[in-house]
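Participant: I'd like to ask some things about the structure below.
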Amino acid sequence: MTITAAADGSALGNPGPSGWAWYIDDQQWHAGGWPHGTNNQGELMAVLDLFRSTSHVPEEELRILCDSQYVINSVTKWMPGWKRKGWRKSDGKPVLNVELLQDIDRELKGRKYTFEWVKGHAGHPLNEAADERARAAATAFQQGVAPRSGPGFGGAAEARGVSLEEAAYASASEHTAGVPAGAPTPRADKTSAAALHEAPDLFSELEEDPFAAAPGIMPSAVSAESTVEALERELLEPAVRADLGRTGQLLHPDFIEIGQSGRLWTRDATMTSLAEDGQERVDLELIAADRVSSGSVLLTYRSHTREGTVLRSSLWVLDGAAWRLRFHQGTAEP
């Protein structure tokens with residue numbers, strides 16, 4: 001059987017808030033993105049995620065409809081030469097988006113596939129559907145909300161951002177999505193004291209019963225404390241901190257952080273900083289995991305790095321069915 005799918009990317013501003021998507025039909029599609037990226041990165045990520053999402057059926061041929069000549073030529077024409085030259089172009093300059101291309105190269109092994117160019121914005125139904133979902137993901141990141149990621153391949157539950165709590169109710173395979181370490185990202189700007197004054201009340205939602213608003217969600221057999229600790233440890237992993245798509249799922253849309261210097265960090269500034277500076281390994285020494293309410297857990301722990309130890313507190317809240325980090329504060333130990 002041949003799997004026919006359209007893959008597309010979108011960037012609002014190029015670079016700017018960006019999204020990617022692949023689409024087979026209304027029951028089989030997947031989308032994601034980053035707060036800041038390029039259209040080409042979105043196009044490549046859509047192809048990469050399509051290969052990853054179908055990796056469990058390597059015997060099936062992929063027919064990939066793509067409106068990007070850059071992606072098609074990169075994968076089918078230029079990549080062998082780039083590899084021979086150590087991922088450098090003929091002029092000796094480094095290949096752009098090399099991390100995504102290397103990931104695609106690894107996924108191609110043992111797969112049967114063809115690329116077919118289609119004209120974008122010309123009424124092709126699969127291309128239009130992928131484009132619509134990629135733009136929706138980019139728009140979501142522009143607005144600071146989590147994008148709709150779709151059912152995935154074969155009608156599986158939403159793949160991206162599945163927490164341990166959600167896994168109790170859905171059979172979903174985890175997908176890894178990344179943005180190249182060298183991708184253009186906005187620098188974190190200092191936030192004024194006025195912004196701190198205007199920040200929403202962190203604890204106003206703690207007494208709400210999240211299950212009352214979502215009757216289809218029942219408590220998991222996995223404790224909330226264990227779930228949140230696992231997610232915090234995941235967020236400390238260098239590969240996750242460099243993955244804007246994943247950190248965008250773990251951080252609440254209203255996330256704020258008070259850093260060791262006393263500076264207030266917004267969600268976007270934190271994600272950018274993690275992607276740029278979060279490659280050092282961080283070890284977590286748990287102090288306590290306290291259930292503040294039915295929909296919130298407060299973690300306190302000590303982080304260890306080569307630079308020393310920091311006492312940290314993280315407030316995780318249920319956002320729908322997913323646990324997301326709402327507030328974080330760190331204080332360096334003397």
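Chain identifiers are assigned as A, B, and so on, following the order in which chains appear in the structure tokens; residues are numbered from 1 within each chain, and ligands are numbered from 1 in order of appearance.
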Considering only C-alpha atoms, return as a PyMOL selection string whatever protein or nucleic-acid residues lie within 8 Å of range 297-301 of chain A, sequence-local ones (same chain, fewer than 5 positions apart) excluded.
Facilitator: chain A and resi 224-225+228-229+284-292+311-317
Participant: Nearest residue to Trp29 in chain A out of A:Asp49, A:Glu257, A:Glu232, A:Glu237, using only C-alpha atoms?
Facilitator: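 Smallest separation from Trp29 in chain A among the options: A:Asp49.
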Participant: Would you pick out the contacts of Glu107 in chain A at 7 Å or less, using only C-alpha atoms, so that residues sharing its chain but fewer than 3 positions from it are not included, and give the list as a list in words?
Facilitator: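 Counting only the stated atoms, we get Phe51, Arg52, Asp103 and Ile104 of chain A.
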Participant: Restricting the output to N, CA, C and O atoms, write the selected residues as a tab-separated table (two decimals), in the first residue's frame.
Facilitator:
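Final output, saved to out11.tsv:
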chain	number	residue	atom	x	y	z
A	51	PHE	N	7.89	10.93	8.31
A	51	PHE	CA	8.69	9.71	8.34
A	51	PHE	C	8.67	9.08	9.72
A	51	PHE	O	8.53	7.86	9.87
A	52	ARG	N	8.81	9.90	10.76
A	52	ARG	CA	8.81	9.36	12.12
A	52	ARG	C	7.45	8.75	12.47
A	52	ARG	O	7.38	7.71	13.13
A	103	ASP	N	18.54	14.59	10.58
A	103	ASP	CA	17.49	13.74	11.12
A	103	ASP	C	16.69	13.08	9.99
A	103	ASP	O	16.35	11.89	10.07
A	104	ILE	N	16.38	13.83	8.95
A	104	ILE	CA	15.67	13.25	7.81
A	104	ILE	C	16.52	12.16	7.17
A	104	ILE	O	16.02	11.07	6.82
Participant: May I have the residues within 12 Å of Arg106 in chain A as a VMD selection string, using only C-alpha atoms and disregarding those fewer than 6 positions away in the same chain?
Facilitator: chain A and resid 48 51 to 52 55 75 79 83 99 to 100
Participant: Which residues of range 42-152 of chain A come within 10 Å of range 8-27 of chain A, and for each one, what is the closest pair of atoms and their distance in Å to one decimal, counting only C-alpha atoms, sorted by chain and residue number, as a tab-separated table?
Facilitator:
residue	atom	partner	partner_atom	distance
A:Gly42	CA	A:Gly9	CA	4.1
A:Glu43	CA	A:Gly9	CA	4.1
A:Leu44	CA	A:Gly9	CA	7.7
A:Met45	CA	A:Trp20	CA	6.4
A:Ala46	CA	A:Ala21	CA	5.2
A:Val47	CA	A:Trp22	CA	7.3
A:Leu48	CA	A:Trp22	CA	9.7
A:Asp49	CA	A:Trp22	CA	8.0
A:Leu50	CA	A:Trp22	CA	6.5
A:Ile64	CA	A:Trp22	CA	9.2
A:Leu65	CA	A:Asp8	CA	8.7
A:Cys66	CA	A:Asp8	CA	6.6
A:Asp67	CA	A:Asp8	CA	7.2
A:Ser68	CA	A:Asp8	CA	7.9
A:Val71	CA	A:Asp8	CA	10.0
A:Gly120	CA	A:Asp8	CA	9.2
A:Pro125	CA	A:Asp25	CA	9.8
A:Leu126	CA	A:Tyr23	CA	6.4
A:Asn127	CA	A:Asp8	CA	7.2
A:Glu128	CA	A:Asp8	CA	9.0
A:Ala129	CA	A:Tyr23	CA	6.6
A:Ala130	CA	A:Tyr23	CA	5.2
A:Asp131	CA	A:Asp8	CA	5.6
A:Glu132	CA	A:Ala21	CA	8.5
A:Arg133	CA	A:Ala21	CA	5.9
A:Ala134	CA	A:Trp20	CA	4.4
A:Arg135	CA	A:Ser10	CA	5.4
A:Ala136	CA	A:Gly19	CA	7.4
A:Ala137	CA	A:Gly19	CA	4.8
A:Ala138	CA	A:Ser18	CA	4.3
A:Thr139	CA	A:Pro17	CA	7.0
A:Ala140	CA	A:Pro17	CA	8.4
A:Phe141	CA	A:Pro17	CA	5.8
A:Gln142	CA	A:Pro17	CA	5.4
A:Gln143	CA	A:Pro17	CA	9.1
A:Gly144	CA	A:Pro17	CA	9.7
A:Pro147	CA	A:Gly19	CA	8.9
A:Ser149	CA	A:Ala21	CA	8.5
A:Gly150	CA	A:Gln27	CA	8.3
A:Pro151	CA	A:Gln27	CA	6.4
A:Gly152	CA	A:Gln27	CA	7.9
Participant: Save out the residues we just selected, C-alpha atoms, as a short mmCIF file (atom, residue, chain, number, x, y, z; two decimals), in the first residue's frame.
Facilitator:
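Result file is out.cif:
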data_model
loop_
_atom_site.label_atom_id
_atom_site.label_comp_id
_atom_site.auth_asym_id
_atom_site.auth_seq_id
_atom_site.Cartn_x
_atom_site.Cartn_y
_atom_site.Cartn_z
CA GLY A 42 8.63 24.15 8.89
CA GLU A 43 8.67 22.40 5.50
CA LEU A 44 11.55 20.14 6.58
CA MET A 45 9.98 19.38 9.97
CA ALA A 46 6.73 18.31 8.31
CA VAL A 47 8.62 15.78 6.19
CA LEU A 48 10.69 14.59 9.16
CA ASP A 49 7.64 14.06 11.35
CA LEU A 50 5.83 12.21 8.57
CA ILE A 64 5.03 12.90 -0.28
CA LEU A 65 3.31 15.86 -1.92
CA CYS A 66 5.34 19.00 -1.35
CA ASP A 67 5.17 22.53 -2.73
CA SER A 68 8.76 23.30 -1.69
CA VAL A 71 12.86 20.46 0.41
CA GLY A 120 1.02 25.66 -3.53
CA PRO A 125 -6.99 19.37 -1.53
CA LEU A 126 -4.20 17.64 0.43
CA ASN A 127 -1.78 20.54 0.06
CA GLU A 128 -4.45 23.03 1.10
CA ALA A 129 -5.30 20.94 4.17
CA ALA A 130 -1.63 20.71 5.23
CA ASP A 131 -1.12 24.42 4.60
CA GLU A 132 -4.18 25.32 6.66
CA ARG A 133 -2.95 23.29 9.63
CA ALA A 134 0.61 24.60 9.39
CA ARG A 135 -0.64 28.20 9.37
CA ALA A 136 -2.95 27.44 12.30
CA ALA A 137 0.02 26.13 14.29
CA ALA A 138 2.08 29.23 13.47
CA THR A 139 -0.84 31.45 14.47
CA ALA A 140 -1.20 29.57 17.77
CA PHE A 141 2.44 30.22 18.63
CA GLN A 142 1.99 33.84 17.63
CA GLN A 143 -0.86 34.07 20.13
CA GLY A 144 1.03 32.16 22.83
CA PRO A 147 -1.51 24.47 18.67
CA SER A 149 -1.51 18.79 16.93
CA GLY A 150 -4.01 16.38 15.40
CA PRO A 151 -4.66 12.64 15.74
CA GLY A 152 -1.38 11.49 14.20
#
Participant: Give the answer as one residue: which of A:Gly295, A:Gly81, A:Pro58, A:Pro238 has the shortest atom-to-atom distance to Lys112 in chain A, using only C-alpha atoms?
Facilitator: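 Among the listed residues, A:Pro58 lies closest to Lys112 in chain A.
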Participant: From the list A:Leu236, A:Val310, A:Ile3, A:Leu96, which residue is nearest Glu59 in chain A when using only C-alpha atoms?
Facilitator: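 Nearest candidate to Glu59 in chain A out of A:Leu236, A:Val310, A:Ile3, A:Leu96: A:Ile3.
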Participant: Going by DSSP on the backbone, which residues of range 6-161 of chain A come out as alpha helix (DSSP H)? List them as a ChimeraX atom specification.
Facilitator: /A:39-53,69-73,79-84,98-108,125-143
